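Listing of query11.cif; format and content: mmCIF, C-alpha atoms (C1' of nucleotides).
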data_start
loop_
_atom_site.group_PDB
_atom_site.id
_atom_site.type_symbol
_atom_site.label_atom_id
_atom_site.label_comp_id
_atom_site.auth_asym_id
_atom_site.auth_seq_id
_atom_site.Cartn_x
_atom_site.Cartn_y
_atom_site.Cartn_z
ATOM 1 C CA MET A 1209 90.674 90.748 89.458
ATOM 2 C CA THR A 1210 88.283 93.675 89.778
ATOM 3 C CA LYS A 1211 88.994 97.236 88.732
ATOM 4 C CA GLU A 1212 89.448 98.169 92.362
ATOM 5 C CA THR A 1213 92.026 95.522 93.165
ATOM 6 C CA SER A 1214 93.978 96.080 89.969
ATOM 7 C CA LYS A 1215 94.363 99.687 91.043
ATOM 8 C CA SER A 1216 95.718 98.473 94.353
ATOM 9 C CA ALA A 1217 98.069 96.134 92.542
ATOM 10 C CA ALA A 1218 99.428 99.067 90.540
ATOM 11 C CA GLN A 1219 100.012 100.988 93.739
ATOM 12 C CA MET A 1220 101.761 98.055 95.373
ATOM 13 C CA ARG A 1221 104.219 97.930 92.493
ATOM 14 C CA LYS A 1222 105.393 101.408 93.311
ATOM 15 C CA GLY A 1223 108.585 101.389 95.254
ATOM 16 C CA VAL A 1224 109.503 97.774 94.620
ATOM 17 C CA LEU A 1225 110.426 98.001 90.955
ATOM 18 C CA GLU A 1226 113.798 99.445 91.893
ATOM 19 C CA LEU A 1227 114.418 96.545 94.244
ATOM 20 C CA CYS A 1228 113.272 94.104 91.570
ATOM 21 C CA ILE A 1229 115.636 95.522 88.976
ATOM 22 C CA LEU A 1230 118.539 95.267 91.371
ATOM 23 C CA ARG A 1231 117.587 91.696 92.189
ATOM 24 C CA ILE A 1232 117.532 90.835 88.500
ATOM 25 C CA LEU A 1233 120.899 92.483 87.896
ATOM 26 C CA ARG A 1234 122.447 90.589 90.767
ATOM 27 C CA GLY A 1235 122.701 87.690 88.331
ATOM 28 C CA GLY A 1236 124.810 89.741 85.944
ATOM 29 C CA GLU A 1237 124.338 92.484 83.426
ATOM 30 C CA ALA A 1238 121.205 92.631 81.305
ATOM 31 C CA TYR A 1239 119.668 94.977 78.802
ATOM 32 C CA THR A 1240 116.305 96.613 79.046
ATOM 33 C CA SER A 1241 114.258 94.029 77.188
ATOM 34 C CA ASP A 1242 115.675 91.268 79.369
ATOM 35 C CA ILE A 1243 114.612 93.180 82.456
ATOM 36 C CA ILE A 1244 111.187 93.956 81.061
ATOM 37 C CA ASP A 1245 110.623 90.316 80.154
ATOM 38 C CA ALA A 1246 111.661 89.144 83.603
ATOM 39 C CA LEU A 1247 109.302 91.598 85.292
ATOM 40 C CA LYS A 1248 106.409 90.845 82.986
ATOM 41 C CA ALA A 1249 106.894 87.140 83.571
ATOM 42 C CA VAL A 1250 105.958 87.634 87.219
ATOM 43 C CA ASP A 1251 103.302 90.285 86.565
ATOM 44 C CA LEU A 1252 105.259 93.088 88.152
ATOM 45 C CA LEU A 1253 105.132 95.304 85.095
ATOM 46 C CA VAL A 1254 102.459 96.300 82.657
ATOM 47 C CA VAL A 1255 104.191 98.476 80.075
ATOM 48 C CA GLU A 1256 107.682 99.312 78.838
ATOM 49 C CA GLY A 1257 107.152 103.015 79.364
ATOM 50 C CA THR A 1258 107.643 102.552 83.084
ATOM 51 C CA ILE A 1259 111.021 100.892 83.016
ATOM 52 C CA TYR A 1260 113.029 103.088 80.640
ATOM 53 C CA PRO A 1261 112.751 106.244 82.729
ATOM 54 C CA LEU A 1262 113.360 104.235 85.897
ATOM 55 C CA LEU A 1263 116.612 102.840 84.527
ATOM 56 C CA THR A 1264 117.660 106.349 83.548
ATOM 57 C CA ARG A 1265 116.852 107.595 87.046
ATOM 58 C CA MET A 1266 118.908 104.800 88.576
ATOM 59 C CA LYS A 1267 121.789 105.472 86.222
ATOM 60 C CA ASN A 1268 121.748 109.167 87.119
ATOM 61 C CA ALA A 1269 121.605 108.275 90.797
ATOM 62 C CA GLY A 1270 124.767 106.238 90.390
ATOM 63 C CA THR A 1271 123.310 102.852 91.248
ATOM 64 C CA LEU A 1272 123.628 101.538 87.704
ATOM 65 C CA THR A 1273 125.998 101.871 84.789
ATOM 66 C CA TYR A 1274 125.602 100.676 81.246
ATOM 67 C CA ARG A 1275 127.699 99.948 78.213
ATOM 68 C CA TRP A 1276 126.635 99.846 74.596
ATOM 69 C CA VAL A 1277 126.656 96.435 72.997
ATOM 70 C CA GLU A 1278 126.069 95.754 69.322
ATOM 71 C CA SER A 1279 122.935 93.763 68.632
ATOM 72 C CA PRO A 1280 122.761 90.855 66.168
ATOM 73 C CA SER A 1281 119.525 92.396 64.901
ATOM 74 C CA GLY A 1282 118.514 95.997 65.377
ATOM 75 C CA PRO A 1283 120.059 98.994 67.075
ATOM 76 C CA PRO A 1284 122.703 98.657 69.812
ATOM 77 C CA ARG A 1285 121.595 97.841 73.338
ATOM 78 C CA LYS A 1286 122.315 99.362 76.695
ATOM 79 C CA TYR A 1287 123.580 96.616 78.958
ATOM 80 C CA TYR A 1288 123.080 97.626 82.569
ATOM 81 C CA ASP A 1289 125.100 96.564 85.562
ATOM 82 C CA MET A 1290 125.134 97.436 89.248
ATOM 83 C CA THR A 1291 127.690 99.781 90.694
ATOM 84 C CA ASP A 1292 129.083 99.379 94.208
ATOM 85 C CA ARG A 1293 126.584 101.989 95.250
ATOM 86 C CA GLY A 1294 123.889 99.846 93.665
ATOM 87 C CA ARG A 1295 124.995 96.793 95.611
ATOM 88 C CA ALA A 1296 124.833 98.782 98.839
ATOM 89 C CA LEU A 1297 121.383 100.070 97.963
ATOM 90 C CA LEU A 1298 120.219 96.556 97.161
ATOM 91 C CA GLU A 1299 121.129 95.407 100.641
ATOM 92 C CA GLU A 1300 119.248 98.282 102.208
ATOM 93 C CA LEU A 1301 116.211 97.728 100.043
ATOM 94 C CA GLU A 1302 116.196 94.039 100.882
ATOM 95 C CA ALA A 1303 116.025 94.920 104.566
ATOM 96 C CA THR A 1304 113.317 97.531 103.950
ATOM 97 C CA TRP A 1305 111.282 95.089 101.903
ATOM 98 C CA ASN A 1306 111.478 92.298 104.459
ATOM 99 C CA GLN A 1307 110.522 94.661 107.255
ATOM 100 C CA PHE A 1308 107.631 95.951 105.186
ATOM 101 C CA VAL A 1309 106.237 92.491 104.461
ATOM 102 C CA ASP A 1310 106.557 91.533 108.111
ATOM 103 C CA SER A 1311 104.715 94.678 109.157
ATOM 104 C CA VAL A 1312 101.775 94.109 106.854
ATOM 105 C CA ASN A 1313 101.542 90.436 107.770
ATOM 106 C CA SER A 1314 101.735 91.202 111.468
ATOM 107 C CA LEU A 1315 98.300 92.786 111.180
ATOM 108 C CA GLU A 1316 96.838 89.414 110.389
ATOM 109 C CA SER A 1317 97.039 87.926 113.863
ATOM 110 C CA HIS A 1318 96.626 90.283 116.782
ATOM 111 C CA MET A 1319 93.242 91.788 116.192
ATOM 112 C CA ASP A 1320 92.661 92.497 119.876
ATOM 113 C CA THR A 1321 94.885 95.552 119.767
ATOM 114 C CA THR A 1322 91.864 97.687 119.128
ATOM 115 C CA ALA A 1323 89.363 95.632 121.029
ATOM 116 C CA LYS A 1324 90.419 97.045 124.368
ATOM 117 C CA ASN A 1325 89.098 100.434 123.289
ATOM 118 C CA ALA A 1326 85.951 99.147 121.649
ATOM 119 C CA PRO A 1327 82.777 100.852 122.814
ATOM 120 C CA LEU A 1328 79.670 99.074 124.056
ATOM 121 C CA LYS A 1329 77.119 98.347 121.393
ATOM 122 C CA SER A 1330 74.167 100.713 121.478
ATOM 123 C CA MET B 96 117.769 104.080 106.911
ATOM 124 C CA THR B 97 119.051 106.481 104.252
ATOM 125 C CA LYS B 98 117.023 109.175 102.560
ATOM 126 C CA GLU B 99 116.801 107.021 99.465
ATOM 127 C CA THR B 100 115.428 103.944 101.176
ATOM 128 C CA SER B 101 112.949 105.900 103.276
ATOM 129 C CA LYS B 102 111.516 107.226 100.032
ATOM 130 C CA SER B 103 111.176 103.666 98.817
ATOM 131 C CA ALA B 104 109.508 102.704 102.056
ATOM 132 C CA ALA B 105 106.941 105.461 101.534
ATOM 133 C CA GLN B 106 106.252 104.160 98.051
ATOM 134 C CA MET B 107 105.866 100.596 99.277
ATOM 135 C CA ARG B 108 103.164 101.732 101.676
ATOM 136 C CA LYS B 109 101.020 102.879 98.782
ATOM 137 C CA GLY B 110 98.284 100.461 98.013
ATOM 138 C CA VAL B 111 98.590 98.389 101.147
ATOM 139 C CA LEU B 112 97.129 100.825 103.641
ATOM 140 C CA GLU B 113 93.649 99.938 102.484
ATOM 141 C CA LEU B 114 94.379 96.272 103.029
ATOM 142 C CA CYS B 115 95.874 97.057 106.436
ATOM 143 C CA ILE B 116 92.823 98.994 107.549
ATOM 144 C CA LEU B 117 90.546 96.152 106.528
ATOM 145 C CA ARG B 118 92.754 93.686 108.377
ATOM 146 C CA ILE B 119 92.562 95.809 111.492
ATOM 147 C CA LEU B 120 88.787 96.132 111.243
ATOM 148 C CA ARG B 121 88.399 92.391 110.856
ATOM 149 C CA GLY B 122 88.792 92.242 114.612
ATOM 150 C CA GLY B 123 85.794 94.514 115.091
ATOM 151 C CA GLU B 124 84.955 98.169 114.805
ATOM 152 C CA ALA B 125 87.502 100.813 115.689
ATOM 153 C CA TYR B 126 87.789 104.544 115.503
ATOM 154 C CA THR B 127 90.395 106.518 113.656
ATOM 155 C CA SER B 128 92.898 106.929 116.479
ATOM 156 C CA ASP B 129 92.828 103.193 117.150
ATOM 157 C CA ILE B 130 93.613 102.525 113.527
ATOM 158 C CA ILE B 131 96.344 105.149 113.420
ATOM 159 C CA ASP B 132 97.953 103.746 116.544
ATOM 160 C CA ALA B 133 97.883 100.213 115.183
ATOM 161 C CA LEU B 134 99.501 101.306 111.914
ATOM 162 C CA LYS B 135 102.104 103.459 113.599
ATOM 163 C CA ALA B 136 102.982 100.599 115.927
ATOM 164 C CA VAL B 137 104.222 98.610 112.921
ATOM 165 C CA ASP B 138 105.703 101.610 111.081
ATOM 166 C CA LEU B 139 103.177 101.536 108.282
ATOM 167 C CA LEU B 140 102.103 105.123 108.775
ATOM 168 C CA VAL B 141 103.918 108.370 109.339
ATOM 169 C CA VAL B 142 101.203 110.965 109.867
ATOM 170 C CA GLU B 143 97.486 111.183 110.643
ATOM 171 C CA GLY B 144 96.810 113.313 107.576
ATOM 172 C CA THR B 145 97.081 110.223 105.412
ATOM 173 C CA ILE B 146 94.481 108.103 107.131
ATOM 174 C CA TYR B 147 91.532 110.473 107.491
ATOM 175 C CA PRO B 148 91.038 111.043 103.774
ATOM 176 C CA LEU B 149 91.595 107.344 103.120
ATOM 177 C CA LEU B 150 88.832 106.360 105.540
ATOM 178 C CA THR B 151 86.540 108.865 103.867
ATOM 179 C CA ARG B 152 87.382 107.408 100.467
ATOM 180 C CA MET B 153 86.623 103.915 101.692
ATOM 181 C CA LYS B 154 83.353 105.047 103.260
ATOM 182 C CA ASN B 155 82.286 106.696 100.011
ATOM 183 C CA ALA B 156 83.274 103.574 98.105
ATOM 184 C CA GLY B 157 80.943 101.551 100.302
ATOM 185 C CA THR B 158 83.563 99.332 101.907
ATOM 186 C CA LEU B 159 83.191 100.949 105.307
ATOM 187 C CA THR B 160 80.463 102.441 107.443
ATOM 188 C CA TYR B 161 80.701 104.354 110.659
ATOM 189 C CA ARG B 162 78.560 105.369 113.579
ATOM 190 C CA TRP B 163 79.069 108.226 115.986
ATOM 191 C CA VAL B 164 79.944 107.256 119.512
ATOM 192 C CA GLU B 165 80.180 109.670 122.443
ATOM 193 C CA SER B 166 83.661 109.984 123.872
ATOM 194 C CA PRO B 167 84.447 110.024 127.604
ATOM 195 C CA SER B 168 86.751 112.947 126.920
ATOM 196 C CA GLY B 169 86.530 115.159 123.869
ATOM 197 C CA PRO B 170 84.354 115.269 120.796
ATOM 198 C CA PRO B 171 82.410 112.230 119.542
ATOM 199 C CA ARG B 172 84.237 109.593 117.522
ATOM 200 C CA LYS B 173 83.545 107.903 114.226
ATOM 201 C CA TYR B 174 83.618 104.163 114.804
ATOM 202 C CA TYR B 175 84.287 102.376 111.543
ATOM 203 C CA ASP B 176 83.183 98.913 110.555
ATOM 204 C CA MET B 177 83.386 96.808 107.417
ATOM 205 C CA THR B 178 80.429 96.371 105.136
ATOM 206 C CA ASP B 179 79.774 93.150 103.220
ATOM 207 C CA ARG B 180 81.389 94.849 100.289
ATOM 208 C CA GLY B 181 84.375 95.562 102.498
ATOM 209 C CA ARG B 182 84.652 91.939 103.494
ATOM 210 C CA ALA B 183 84.608 90.894 99.856
ATOM 211 C CA LEU B 184 87.273 93.462 99.018
ATOM 212 C CA LEU B 185 89.404 92.250 101.895
ATOM 213 C CA GLU B 186 89.456 88.752 100.462
ATOM 214 C CA GLU B 187 90.483 90.039 97.065
ATOM 215 C CA LEU B 188 93.173 92.256 98.488
ATOM 216 C CA GLU B 189 94.547 89.382 100.533
ATOM 217 C CA ALA B 190 94.965 87.369 97.353
ATOM 218 C CA THR B 191 96.502 90.317 95.517
ATOM 219 C CA TRP B 192 98.908 90.953 98.359
ATOM 220 C CA ASN B 193 100.056 87.339 98.616
ATOM 221 C CA GLN B 194 100.564 87.149 94.874
ATOM 222 C CA PHE B 195 102.509 90.363 94.949
ATOM 223 C CA VAL B 196 104.865 89.231 97.706
ATOM 224 C CA ASP B 197 105.439 85.918 95.935
ATOM 225 C CA SER B 198 106.240 87.738 92.696
ATOM 226 C CA VAL B 199 108.823 90.013 94.250
ATOM 227 C CA ASN B 200 110.408 87.198 96.196
ATOM 228 C CA SER B 201 110.517 84.954 93.151
ATOM 229 C CA LEU B 202 113.146 87.285 91.697
ATOM 230 C CA GLU B 203 115.508 86.255 94.445
ATOM 231 C CA SER B 204 116.309 82.793 93.143
ATOM 232 C CA HIS B 205 116.353 82.289 89.378
ATOM 233 C CA MET B 206 118.884 84.801 88.241
ATOM 234 C CA ASP B 207 119.763 82.801 85.117
ATOM 235 C CA THR B 208 116.678 84.052 83.335
ATOM 236 C CA THR B 209 118.721 86.833 81.824
ATOM 237 C CA ALA B 210 121.997 84.979 81.576
ATOM 238 C CA LYS B 211 121.016 83.180 78.416
ATOM 239 C CA ASN B 212 120.986 86.480 76.572
ATOM 240 C CA ALA B 213 124.100 87.869 78.162
ATOM 241 C CA PRO B 214 126.664 89.174 75.704
ATOM 242 C CA LEU B 215 130.332 88.253 75.657
ATOM 243 C CA LYS B 216 132.560 90.534 77.633
ATOM 244 C CA SER B 217 134.494 92.937 75.433
ATOM 245 C "C1'" DA C 927 118.351 100.686 46.223
ATOM 246 C "C1'" DA C 928 114.094 102.204 48.224
ATOM 247 C "C1'" DA C 929 110.319 100.773 51.163
ATOM 248 C "C1'" DA C 930 108.714 98.079 55.012
ATOM 249 C "C1'" DA C 931 109.116 96.008 59.358
ATOM 250 C "C1'" DG C 932 111.117 95.344 63.709
ATOM 251 C "C1'" DT C 933 113.924 96.631 67.687
ATOM 252 C "C1'" DA C 934 115.659 99.889 71.174
ATOM 253 C "C1'" DC C 935 115.448 104.058 73.197
ATOM 254 C "C1'" DT C 936 113.310 108.963 74.273
ATOM 255 C "C1'" DA C 937 109.831 112.470 75.536
ATOM 256 C "C1'" DT C 938 105.465 114.411 77.413
ATOM 257 C "C1'" DG C 939 101.428 114.522 80.062
ATOM 258 C "C1'" DC C 940 98.041 112.131 83.353
ATOM 259 C "C1'" DT C 941 96.536 109.910 87.562
ATOM 260 C "C1'" DT C 942 96.737 108.683 92.186
ATOM 261 C "C1'" DA C 943 98.033 108.032 96.934
ATOM 262 C "C1'" DA C 944 101.042 109.308 100.571
ATOM 263 C "C1'" DC C 945 102.836 113.277 102.768
ATOM 264 C "C1'" DA C 946 102.859 117.950 104.900
ATOM 265 C "C1'" DT C 947 100.596 121.508 107.126
ATOM 266 C "C1'" DA C 948 97.129 124.375 108.695
ATOM 267 C "C1'" DG C 949 92.696 124.981 110.434
ATOM 268 C "C1'" DT C 950 87.904 124.046 112.676
ATOM 269 C "C1'" DA C 951 84.880 122.167 116.331
ATOM 270 C "C1'" DC C 952 83.791 120.283 120.598
ATOM 271 C "C1'" DA C 953 84.581 118.812 125.498
ATOM 272 C "C1'" DT C 954 86.845 118.864 129.741
ATOM 273 C "C1'" DG C 955 89.781 121.097 133.470
ATOM 274 C "C1'" DG C 956 91.828 124.904 135.869
ATOM 275 C "C1'" DC D 403 85.757 131.577 130.847
ATOM 276 C "C1'" DC D 404 89.841 130.703 128.842
ATOM 277 C "C1'" DA D 405 93.421 126.981 128.012
ATOM 278 C "C1'" DT D 406 94.279 122.422 126.669
ATOM 279 C "C1'" DG D 407 93.582 118.228 124.358
ATOM 280 C "C1'" DT D 408 91.091 115.355 121.171
ATOM 281 C "C1'" DA D 409 88.839 114.390 116.741
ATOM 282 C "C1'" DC D 410 87.944 115.613 112.353
ATOM 283 C "C1'" DT D 411 88.472 118.587 107.829
ATOM 284 C "C1'" DA D 412 90.704 121.042 103.987
ATOM 285 C "C1'" DT D 413 94.340 122.325 100.654
ATOM 286 C "C1'" DG D 414 98.498 121.816 98.245
ATOM 287 C "C1'" DT D 415 102.845 119.126 96.997
ATOM 288 C "C1'" DT D 416 105.459 115.204 95.468
ATOM 289 C "C1'" DA D 417 106.575 111.111 93.092
ATOM 290 C "C1'" DA D 418 106.055 106.850 90.583
ATOM 291 C "C1'" DG D 419 103.586 104.058 87.517
ATOM 292 C "C1'" DC D 420 100.855 104.408 83.377
ATOM 293 C "C1'" DA D 421 99.598 105.780 78.594
ATOM 294 C "C1'" DT D 422 100.924 107.261 74.274
ATOM 295 C "C1'" DA D 423 103.481 109.105 70.709
ATOM 296 C "C1'" DG D 424 107.729 109.739 68.477
ATOM 297 C "C1'" DT D 425 112.814 109.105 66.965
ATOM 298 C "C1'" DA D 426 116.726 106.365 65.319
ATOM 299 C "C1'" DC D 427 118.963 102.547 63.647
ATOM 300 C "C1'" DT D 428 119.133 97.811 61.495
ATOM 301 C "C1'" DT D 429 117.703 94.108 58.745
ATOM 302 C "C1'" DT D 430 114.573 92.259 55.376
ATOM 303 C "C1'" DT D 431 111.761 92.485 51.280
ATOM 304 C "C1'" DT D 432 110.715 93.525 46.621
#
Can the structure from this file be put into structure tokens for me?
Amino acid sequence: MTKETSKSAAQMRKGVLELCILRILRGGEAYTSDIIDALKAVDLLVVEGTIYPLLTRMKNAGTLTYRWVESPSGPPRKYYDMTDRGRALLEELEATWNQFVDSVNSLESHMDTTAKNAPLKS
Amino acid sequence: MTKETSKSAAQMRKGVLELCILRILRGGEAYTSDIIDALKAVDLLVVEGTIYPLLTRMKNAGTLTYRWVESPSGPPRKYYDMTDRGRALLEELEATWNQFVDSVNSLESHMDTTAKNAPLKS
DNA sequence: AAAAAGTACTATGCTTAACATAGTACATGG
DNA sequence: CCATGTACTATGTTAAGCATAGTACTTTTT
């Protein structure tokens, strides 16, 4: 992947991380490292620094809650879970995402949309 | 669509507009209003102000060229076309896009990834 | 018991692309 | 000749991912 496309990839990630987190949490509560690992596994995250503030934003927005759970090794963990508001948002984001993908892919086929206005070659 | 999801939609658009423009131009040269209309038709663009600077960026990056064409009504138009570099970038962005969609959608199914680390309920 | 290492979370600033809005220039029509 | 419409340009704002550094707590090591 070139420098140019990796920049595009970073931009594409914007806006879907929230959806991805909600999708992960649909399977049950998880703590930050679990979420990070799941996202990294599918190359949707580069660094931890991105996810911590996002989880805080989502918690403040009322889409997530967390509870402290003692860890077998290390400091206690925040286990996150969806709220009802989060479940509603997930549904909306699913619809938005599917629409979005359809829109982008629709540009693959009908390339005559612009042809009707094409000028004569000089 | 709520205020929250429309924000997400705006974020999702980031990074794919370049790909979309290249997809549109694959069908042949087009001028800015053609491109804007095509993008608006599939809800991938809100305002013109976004696309003009983007086309300039892409021209400066060497992925696009343009030629002036007299208009039947109004000022002359910039007709854009892909360069060889643009065609190469298009291929890369196609791959990046497909990978990206697969990644996001892969989070739909295996929701047991995190379950193995799930704590006991208190 | 003190030092070292590892884990989990927090805080600050940067970059970039979409958005918003206003403004300029040119051509046609009344 | 002025009004209207079309095409392009310019400037500033916002927001999310990225980069990096730092704090706090726990377990392990010597």
Selected residue of minimal separation from Pro1280 in chain A among C:DT933, C:DG939, C:DT950, C:DA944, counting only C-alpha atoms (C1' of nucleotides): C:DT933
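Going from CA of Ile116 in chain B to CA of Asp129 in chain B covers 10.5 Å.
Proximity of D:DT413, D:DT425, D:DT408, D:DT431 to chain B, computed with only C-alpha atoms (C1' of nucleotides), is greatest for D:DT408.
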Selection: 12 Å around DT947 in chain C, all atoms listed in the file, excl. self and same-chain fewer than 6 positions, as a PyMOL selection string: (chain B and resi 142-145) or (chain D and resi 412-415)
Take the residues from that selection and put them in a file with C-alpha atoms (C1' of nucleotides), as an mmCIF file, in the frame of the given file.
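Once written, again-v4.cif looks like this:
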data_model
loop_
_atom_site.group_PDB
_atom_site.id
_atom_site.type_symbol
_atom_site.label_atom_id
_atom_site.label_comp_id
_atom_site.auth_asym_id
_atom_site.auth_seq_id
_atom_site.Cartn_x
_atom_site.Cartn_y
_atom_site.Cartn_z
ATOM 1 C CA VAL B 142 101.203 110.965 109.867
ATOM 2 C CA GLU B 143 97.486 111.183 110.643
ATOM 3 C CA GLY B 144 96.810 113.313 107.576
ATOM 4 C CA THR B 145 97.081 110.223 105.412
ATOM 5 C "C1'" DA D 412 90.704 121.042 103.987
ATOM 6 C "C1'" DT D 413 94.340 122.325 100.654
ATOM 7 C "C1'" DG D 414 98.498 121.816 98.245
ATOM 8 C "C1'" DT D 415 102.845 119.126 96.997
#
For chain C, work out the contacting residues on chain B at 9 Å, counting only C-alpha atoms (C1' of nucleotides), and write them as an MDAnalysis selection string. chainID B and resid 105:106 108:110 141:142 144:145 149 168:171
Could you state the separation of CA of Glu203 in chain B and CA of Asp1310 in chain A in Å, given to one decimal place?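 Separation of CA of Glu203 in chain B and CA of Asp1310 in chain A: 17.2 Å.
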Between chain B and chain A, at 8 Å or less, what are the per-residue closest atom pairs and their distances in Å? Count only C-alpha atoms, order by chain and rising residue number, and return it as CSV.
residue,atom,partner,partner_atom,distance
B:Met96,CA,A:Glu1300,CA,7.6
B:Thr100,CA,A:Leu1301,CA,6.4
B:Ser103,CA,A:Gly1223,CA,5.0
B:Ala104,CA,A:Thr1304,CA,6.7
B:Ala105,CA,A:Gly1223,CA,7.7
B:Gln106,CA,A:Gly1223,CA,4.6
B:Met107,CA,A:Gly1223,CA,4.9
B:Arg108,CA,A:Met1220,CA,7.4
B:Lys109,CA,A:Gln1219,CA,5.5
B:Gly110,CA,A:Gln1219,CA,4.6
B:Val111,CA,A:Met1220,CA,6.6
B:Cys115,CA,A:Val1312,CA,6.6
B:Arg118,CA,A:Glu1316,CA,6.2
B:Ile119,CA,A:Met1319,CA,6.2
B:Leu120,CA,A:Met1319,CA,8.0
B:Arg121,CA,A:Met1319,CA,7.2
B:Gly122,CA,A:Met1319,CA,4.7
B:Gly123,CA,A:Ala1323,CA,7.0
B:Glu124,CA,A:Ala1326,CA,7.0
B:Ala125,CA,A:Thr1322,CA,6.4
B:Asp129,CA,A:Thr1322,CA,5.9
B:Ile130,CA,A:Thr1322,CA,7.6
B:Ala133,CA,A:Thr1321,CA,7.2
B:Val137,CA,A:Ser1311,CA,5.5
B:Asp138,CA,A:Ser1311,CA,7.3
B:Leu139,CA,A:Ser1311,CA,7.1
B:Val164,CA,A:Pro1327,CA,7.7
B:Leu184,CA,A:Thr1213,CA,7.8
B:Glu187,CA,A:Thr1213,CA,6.9
B:Leu188,CA,A:Thr1213,CA,6.3
B:Thr191,CA,A:Ala1217,CA,6.7
B:Trp192,CA,A:Ala1217,CA,7.8
B:Phe195,CA,A:Ala1217,CA,7.7
B:Val196,CA,A:Val1309,CA,7.6
B:Ser198,CA,A:Val1250,CA,5.5
B:Val199,CA,A:Cys1228,CA,6.6
B:Ser201,CA,A:Val1250,CA,7.9
B:Leu202,CA,A:Arg1231,CA,6.3
B:Glu203,CA,A:Arg1231,CA,6.2
B:Met206,CA,A:Gly1235,CA,4.8
B:Asp207,CA,A:Gly1235,CA,6.5
B:Thr208,CA,A:Ala1246,CA,7.2
B:Thr209,CA,A:Asp1242,CA,5.9
B:Ala210,CA,A:Gly1236,CA,7.0
B:Asn212,CA,A:Asp1242,CA,7.7
B:Ala213,CA,A:Ala1238,CA,6.4
B:Pro214,CA,A:Val1277,CA,7.7
Selected residues written out, C-alpha atoms, as a short mmCIF file (atom, residue, chain, number, x, y, z; two decimals), in the frame of the given file:
data_model
loop_
_atom_site.label_atom_id
_atom_site.label_comp_id
_atom_site.auth_asym_id
_atom_site.auth_seq_id
_atom_site.Cartn_x
_atom_site.Cartn_y
_atom_site.Cartn_z
CA MET B 96 117.77 104.08 106.91
CA THR B 100 115.43 103.94 101.18
CA SER B 103 111.18 103.67 98.82
CA ALA B 104 109.51 102.70 102.06
CA ALA B 105 106.94 105.46 101.53
CA GLN B 106 106.25 104.16 98.05
CA MET B 107 105.87 100.60 99.28
CA ARG B 108 103.16 101.73 101.68
CA LYS B 109 101.02 102.88 98.78
CA GLY B 110 98.28 100.46 98.01
CA VAL B 111 98.59 98.39 101.15
CA CYS B 115 95.87 97.06 106.44
CA ARG B 118 92.75 93.69 108.38
CA ILE B 119 92.56 95.81 111.49
CA LEU B 120 88.79 96.13 111.24
CA ARG B 121 88.40 92.39 110.86
CA GLY B 122 88.79 92.24 114.61
CA GLY B 123 85.79 94.51 115.09
CA GLU B 124 84.96 98.17 114.80
CA ALA B 125 87.50 100.81 115.69
CA ASP B 129 92.83 103.19 117.15
CA ILE B 130 93.61 102.52 113.53
CA ALA B 133 97.88 100.21 115.18
CA VAL B 137 104.22 98.61 112.92
CA ASP B 138 105.70 101.61 111.08
CA LEU B 139 103.18 101.54 108.28
CA VAL B 164 79.94 107.26 119.51
CA LEU B 184 87.27 93.46 99.02
CA GLU B 187 90.48 90.04 97.06
CA LEU B 188 93.17 92.26 98.49
CA THR B 191 96.50 90.32 95.52
CA TRP B 192 98.91 90.95 98.36
CA PHE B 195 102.51 90.36 94.95
CA VAL B 196 104.86 89.23 97.71
CA SER B 198 106.24 87.74 92.70
CA VAL B 199 108.82 90.01 94.25
CA SER B 201 110.52 84.95 93.15
CA LEU B 202 113.15 87.28 91.70
CA GLU B 203 115.51 86.26 94.44
CA MET B 206 118.88 84.80 88.24
CA ASP B 207 119.76 82.80 85.12
CA THR B 208 116.68 84.05 83.34
CA THR B 209 118.72 86.83 81.82
CA ALA B 210 122.00 84.98 81.58
CA ASN B 212 120.99 86.48 76.57
CA ALA B 213 124.10 87.87 78.16
CA PRO B 214 126.66 89.17 75.70
#
For chain B, work out the contacting residues on chain D at 12 Å, counting all atoms listed in the file, and write them as a list in words. DT406, DG407, DT408, DA409, DC410, DT411, DA412, DT413, DT416, DA417, DA418 and DG419 of chain D
Between CA of Leu1253 in chain A and CA of Arg1275 in chain A, what is the distance in Å, rounded to a tenth?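 Computing it gives 24.0 Å between the two atoms.
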Can you report as lines of an AutoDock Vina configuration file the centre and edge lengths in Å, to one decimal, of an axis-aligned box around the listed atoms of range 407-416 of chain D padded with 6 Å on each side?
center_x = 96.7
center_y = 118.4
center_z = 109.9
size_x = 29.5
size_y = 19.9
size_z = 40.9
Please expand the PyMOL selection byres ((chain A and resi 1270) around 10) into the concrete residues it hits in this file, giving the result as a PyMOL selection string. chain A and resi 1264-1269+1271-1273+1290-1294
